[in-house]
Each structure stands twice: as C-alpha cells, then as structure tokens.
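**Q** For reference, the structure I am asking about is given below.
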Amino acid sequence: MTGNMHLGVEEPIRECQYNQICTHNSSTMDTPHTKKKKIKRKWQVFPGRNKFYCNGRIMMAKQTGVFYLTVVLILVTSGLFFAFDCPFLASNLTPAIPAIGGVLFIFVMGMLLRASFSDPGVLPRATPEEAADIERQIDTANGPSGPGYRPPPRTREVLINGQTVKLKYCFTCKIFRPPRASHCSLCDNCVERFDHHCPWVGNCVGRRNYRFFYLFILSLSLLTIFIFAFVITHVILRSNRTGFLSALKDSPASVLEVVVCFFSIWSIVGLSGFHTYLISSNQTTNEDIKGSWSSKRGKGNYNPYSYGNLITNCCAALCGPLPPSLIDRRGFVQPDTPQPVAQTNGTGACPSNQVQSHMT
Amino acid sequence: MSSAPRTATERTKLPYCHESFHNLQELRHSASLANKVFIQRDYTDGTVCKFQTKFPSELDSRIERTLFEDTVKTLNNYYAEAEKIGGQSYLEGCLACLTVYLIFLCIETRYEKVLKKISRYIQEQNEKVYAPRGLLITDPIERGMRVIEISVYEDRGSSASSSGSSTTSSSGR
C-alpha cells in the first residue's frame, strides 16, 4: 500500500502554492473545499480502467466478480473449519490446531487484500510536453514521413548486462515502456514489471504487489493443505468411534471442505510452485510465456535481470525495497497543470499560455 | 506546472519549504516559460532508477556542464541508495512480512525516506543553482520517475531580473 494511508498532511502545501500565500499553520483539511469551487483528487480523473474505493485508498480492476468469489470461498471454507472441525480437534488433539489455522487464515486474508487493493506499479501517462518531446525525437530518428503514413513501430534498443533489450513505445500512454513493463489491456495501464492480470485477485500483478500475490498463494496452499489434512483427521477419528457414515452425518460441513480443498490444492499448489520457479530465476509470467530469455531463442540468450544466485533472486523479489506508488491517487489535481488535450501552439509555447493567463 | 516537492512532504512540514517555495513561485510568475528539457532514464543497469548524464544541447548556454552532471549524478546516487538490496532492506522486508505489512501504517519505508531527501535536495539545487539561471527542476516522482523535467524560463526585461535577484538574495548569491 502507498503511504496514502497516513493523514493527508500534503493538502496545506498545495494550498500554499495555489494561493501564493504561505500560511505556515494552515493545517485544516477543509481549506481546499471552502476556498475553491471543486477540487478533484487525481483518482477521479485517472485515465485507466480502474475502480477506486475509500476516496482513492483502494485500487482495483474493473471486473471484480471473481475476486468476491475468492473471498467467499476462503471465508466459507475457513469458517466451516473453525466452526465444525476445530472444537473436536482442539479437545481431542491439541488447541494448537485452531491457533495455527487462525494465524494462517489472517495471513492469507491480509495478503489477499494487500495484493488486491494496492497499486501494482502503474506508470502514469506522459504529460503533453513529454509526449511532444518524444515525438520530436522519434521523428528526427525516423526521418520525415508523408501525410497519412503511419511510421514503423517505435522501438528503442538498450544494452542491459550484455543483453540487447527492445523498449517498445506505448501508443496509449505515449511513453517508451521501461524494460519489463507491459500494457494491461484489461486495465488500460502500463504496469512496471508486469507479471499478469489476475482475475482471482481482481487486479494486475506487477512490481509493487508481486510479493503480496506470491505470499498469498503460498500461504493459501499451506492453509488449504492444513484444512484438508485436519478435516480428514477429524473424520477418521470420529469414524473410529462411531463409524464412517455417522461421522459424516455428525459433521456434514467436512464433506464440503474436503471437496473444495481437494480441487483447490492442485491449482494453488501448482501455481505456487510455478511462481517459486519464476522468483528463483527472476522472470515474470509474461516473459516466461513469451520465452523471452529461453535458450531456444538463441545461443547467447540469457536473463539480464537475474542476479545469478537463487537465494539473491528470491530475497530481491520478496525482501527488496517496496517502491512508492507513482500515480499519487489521493493528491489533488492542480488547476494549472496542463491537461492531456492537444495543443497546437507549437513547441514549448503551449504551457506558457496557460501560465500567462494565470498570471494576468 | 510545479516543481516543488509535494509528495515528499506528506508527513512532515519542512521548515523552509514555504518560504523558498514562495520565491520560486515568483520566478515562475515573473518569467515566461520558453521550453522544457527532458532527461530520460538510463536503462543500461537494468530496471534500477537512473537518469542519463548526457548534457542536453538546449542547456548549453544556460548552465555549466559540471553543475548539471553533478546534480544528475547525486540524484542517481540517491535512487541507488533507495533501491539498494542489502541487510537493511531484508530486515525491513522480513519485519513487514511478519506483521502482515501493517507496520507500514506506523513507519515509513526506506524508499519514502530517501524520496524526501531527494525532494529537499532538488529544492536546494533549484534555489542555489537553477533558479538564478532561469531554470527549474521538477522532482521526477511527479513525472512517474520517467524523466527529469527542466523548465527553461526567459527573463522578461529588467523588472523580471530585479525580482529574479530578489529571489536569489535569500540564497546569498
């Protein structure tokens, strides 16, 4: 999550800039609302296809139906486990079982919500001046083209650790994508270190929330295996006393739990294993699927981002520094910021018109 | 457009921020914006945040090459410090994981701390080096860490230069 969970102390600084009056002690939160007509927060004018909740604190993809399904499945299965199986297990085996189960459950839900609600590493779109600057650079590189002629795909080549990497130009965001970034068509955003768009989590998985996603599927595998094992244990212990069929009758929820867990284990444990492999080789799902660093592409083809060491790769992915959100969802839109509208005044002069009109 | 560090001063109010900001505000309103120069990212070291130190030709007459390169190199060092993977980042990561990342509600991450330092540095550079030369650096965080945006201003006659000198008098030039 970004630091936006903290109090919005940034508002008085913006207020200072706009009014040209430095009120050192203006710390009231409602000055923007009383002095100006209608100041929007940046999430309200965000160009991508995302949904925002809690005044910009929570960010998700447009389609969230499957996410609610995930939450319901986890809550119901765990709830049934704690309600029906744990009393028996706690009294007959050890109370550590519900305790460990509880810790796992909290961890799973925490990681799921963190992965779902945070900004995956969305790159903000280029400002008009930046876009114009890049266009100029591309035009000088490609040479003049006739009217109505679409220039060839725009790419730049960079040498990273001895490997040539192509940077592609994103026509939607008007930027050259950094290495490992990709444009998500569902969310209509460029995302840094784009892994994949996960409907179960209801969000893209990228640089900022990959570790939450990985910890979520890892802990969910453990929780599923845990519940599965102890429900089976419960049923067996009961059967020893009262017979199999009456055991099932006494604890019908166990059947449902076993079925859900059985089918989940294959997919979730498999996915965890796959992502463990990806982390240890420092690849993204996107790169793996395209075979970007596979040796089949060429003899000298290797992954330039890998640290070479399995442990370092894992540590870097899970314990590396958490970068901040680049889109500043809860910030206020500055009225004199050039909006992404086509300006025809020529190079560099367009924003000055706005500044001058603001001055007079 | 603005160059002042806003996102960095989220939690603490820097004591000198308001005053110097006021003076830079004057610069922006007394001079007219001529051009914007963009310093792009340098990806030769991978996805680490690093900017190109190549001196843009548009700034040739405005600022000395060494000053510009110093600024960019210092910024690159700051970003490298923020993204460094070492003992401290591991400790922070493990502690955060154990607390289900709730600890970041109370403390700020190392990256955020370094971003604040960067903000202060850019503010200081703007006051001391760039504003007297009619230039203004925008904090890269406000451009999604894609570019360092340098706004080039043209002085609007003697009145502008006198207000320009008043903005620089506080920095003791």
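So you can find residues: chains in the structure tokens are A, B, ... in the order shown, residues in each start at 1, and ligands are numbered from 1 in order.
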Which residues are near Tyr130 of chain B? Cut-off 10 Å, only C-alpha atoms, ignore same chain within fewer than 2 positions. Put them as a PyMOL selection string.
**A** chain B and resi 62-63+67-68+122-128+132-137+150-152
**Q** Tell me which protein, DNA and RNA residues are within 12 Å of segment 249-259 of chain A, counting only C-alpha atoms, leaving out same-chain ones fewer than 6 positions away, and put them as JSON, numbers by chain.
**A** {"A": [73, 74, 75, 76, 77, 78, 79, 80, 81, 82, 83, 84, 85, 86, 87, 88, 223, 224, 225, 226, 227, 228, 229, 230, 231, 232, 233, 234, 235, 236, 237, 238, 239, 241, 242, 243, 265, 266]}
**Q** Tell me, in Å to one decimal, how far atom CA of Met145 of chain B is from atom CA of Asp70 of chain B.
**A**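 Between atom CA of Met145 of chain B and atom CA of Asp70 of chain B the gap is 18.7 Å.
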**Q** What are the DSSP strand (DSSP E or B) residues of segment 190-222 of chain A, as a ChimeraX atom specification?
**A** /A:190-191,196-198,203-205
**Q** Which polymer residues have any atom within 9 Å of an atom of Pro56 of chain B, counting only C-alpha atoms, with same-chain residues fewer than 2 positions away left out, as a list in words?
**A** Val37, Phe38, Ile39, Thr53, Lys54, Glu58, Leu59 and Asp60 of chain B
**Q** Those same residues - all heavy atoms - I'd like them written as a PDB file, in the first residue's frame.
**A**
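again_1.pdb, freshly written:
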```pdb
ATOM      1  N   VAL B  37      13.039  20.800 -21.050  1.00  0.00           N
ATOM      2  CA  VAL B  37      14.021  19.800 -21.465  1.00  0.00           C
ATOM      3  C   VAL B  37      13.797  18.555 -20.619  1.00  0.00           C
ATOM      4  O   VAL B  37      13.584  18.642 -19.414  1.00  0.00           O
ATOM      5  CB  VAL B  37      15.457  20.343 -21.230  1.00  0.00           C
ATOM      6  CG1 VAL B  37      16.472  19.323 -21.651  1.00  0.00           C
ATOM      7  CG2 VAL B  37      15.643  21.638 -21.990  1.00  0.00           C
ATOM      8  N   PHE B  38      13.817  17.404 -21.258  1.00  0.00           N
ATOM      9  CA  PHE B  38      13.549  16.162 -20.542  1.00  0.00           C
ATOM     10  C   PHE B  38      14.789  15.287 -20.528  1.00  0.00           C
ATOM     11  O   PHE B  38      15.335  14.946 -21.566  1.00  0.00           O
ATOM     12  CB  PHE B  38      12.390  15.399 -21.205  1.00  0.00           C
ATOM     13  CG  PHE B  38      11.099  16.143 -21.152  1.00  0.00           C
ATOM     14  CD1 PHE B  38      10.652  16.872 -22.233  1.00  0.00           C
ATOM     15  CD2 PHE B  38      10.320  16.122 -19.998  1.00  0.00           C
ATOM     16  CE1 PHE B  38       9.460  17.568 -22.185  1.00  0.00           C
ATOM     17  CE2 PHE B  38       9.125  16.812 -19.940  1.00  0.00           C
ATOM     18  CZ  PHE B  38       8.695  17.539 -21.031  1.00  0.00           C
ATOM     19  N   ILE B  39      15.206  14.904 -19.339  1.00  0.00           N
ATOM     20  CA  ILE B  39      16.326  13.980 -19.185  1.00  0.00           C
ATOM     21  C   ILE B  39      15.724  12.598 -19.010  1.00  0.00           C
ATOM     22  O   ILE B  39      15.003  12.338 -18.044  1.00  0.00           O
ATOM     23  CB  ILE B  39      17.166  14.325 -17.938  1.00  0.00           C
ATOM     24  CG1 ILE B  39      17.474  15.820 -17.881  1.00  0.00           C
ATOM     25  CG2 ILE B  39      18.412  13.476 -17.868  1.00  0.00           C
ATOM     26  CD1 ILE B  39      18.305  16.326 -18.993  1.00  0.00           C
ATOM     27  N   THR B  53      23.228  11.021 -17.948  1.00  0.00           N
ATOM     28  CA  THR B  53      24.017  12.200 -17.560  1.00  0.00           C
ATOM     29  C   THR B  53      24.460  12.993 -18.780  1.00  0.00           C
ATOM     30  O   THR B  53      25.194  13.956 -18.643  1.00  0.00           O
ATOM     31  CB  THR B  53      25.254  11.768 -16.757  1.00  0.00           C
ATOM     32  OG1 THR B  53      25.875  10.689 -17.450  1.00  0.00           O
ATOM     33  CG2 THR B  53      24.872  11.304 -15.370  1.00  0.00           C
ATOM     34  N   LYS B  54      23.965  12.584 -19.938  1.00  0.00           N
ATOM     35  CA  LYS B  54      24.345  13.305 -21.162  1.00  0.00           C
ATOM     36  C   LYS B  54      23.819  14.738 -21.099  1.00  0.00           C
ATOM     37  O   LYS B  54      22.645  14.965 -20.796  1.00  0.00           O
ATOM     38  CB  LYS B  54      23.744  12.578 -22.371  1.00  0.00           C
ATOM     39  CG  LYS B  54      24.250  13.070 -23.710  1.00  0.00           C
ATOM     40  CD  LYS B  54      23.813  12.115 -24.823  1.00  0.00           C
ATOM     41  CE  LYS B  54      22.387  12.363 -25.263  1.00  0.00           C
ATOM     42  NZ  LYS B  54      22.270  13.405 -26.294  1.00  0.00           N
ATOM     43  N   GLU B  58      20.185  21.974 -25.379  1.00  0.00           N
ATOM     44  CA  GLU B  58      19.368  23.164 -25.112  1.00  0.00           C
ATOM     45  C   GLU B  58      19.859  23.944 -23.895  1.00  0.00           C
ATOM     46  O   GLU B  58      19.566  25.125 -23.749  1.00  0.00           O
ATOM     47  CB  GLU B  58      17.899  22.782 -24.883  1.00  0.00           C
ATOM     48  CG  GLU B  58      17.199  22.186 -26.093  1.00  0.00           C
ATOM     49  CD  GLU B  58      17.290  20.673 -26.120  1.00  0.00           C
ATOM     50  OE1 GLU B  58      18.237  20.126 -25.525  1.00  0.00           O
ATOM     51  OE2 GLU B  58      16.414  20.050 -26.719  1.00  0.00           O
ATOM     52  N   LEU B  59      20.594  23.278 -23.007  1.00  0.00           N
ATOM     53  CA  LEU B  59      21.039  23.954 -21.789  1.00  0.00           C
ATOM     54  C   LEU B  59      22.454  24.502 -21.936  1.00  0.00           C
ATOM     55  O   LEU B  59      23.038  24.997 -20.968  1.00  0.00           O
ATOM     56  CB  LEU B  59      20.997  22.983 -20.603  1.00  0.00           C
ATOM     57  CG  LEU B  59      19.638  22.423 -20.209  1.00  0.00           C
ATOM     58  CD1 LEU B  59      19.790  21.478 -19.027  1.00  0.00           C
ATOM     59  CD2 LEU B  59      18.663  23.530 -19.846  1.00  0.00           C
ATOM     60  N   ASP B  60      22.973  24.371 -23.149  1.00  0.00           N
ATOM     61  CA  ASP B  60      24.378  24.731 -23.367  1.00  0.00           C
ATOM     62  C   ASP B  60      24.705  26.140 -22.890  1.00  0.00           C
ATOM     63  O   ASP B  60      25.733  26.374 -22.266  1.00  0.00           O
ATOM     64  CB  ASP B  60      24.663  24.628 -24.875  1.00  0.00           C
ATOM     65  CG  ASP B  60      26.007  23.988 -25.129  1.00  0.00           C
ATOM     66  OD1 ASP B  60      26.766  23.794 -24.150  1.00  0.00           O
ATOM     67  OD2 ASP B  60      26.317  23.681 -26.284  1.00  0.00           O
TER      68      ASP B  60
END
```
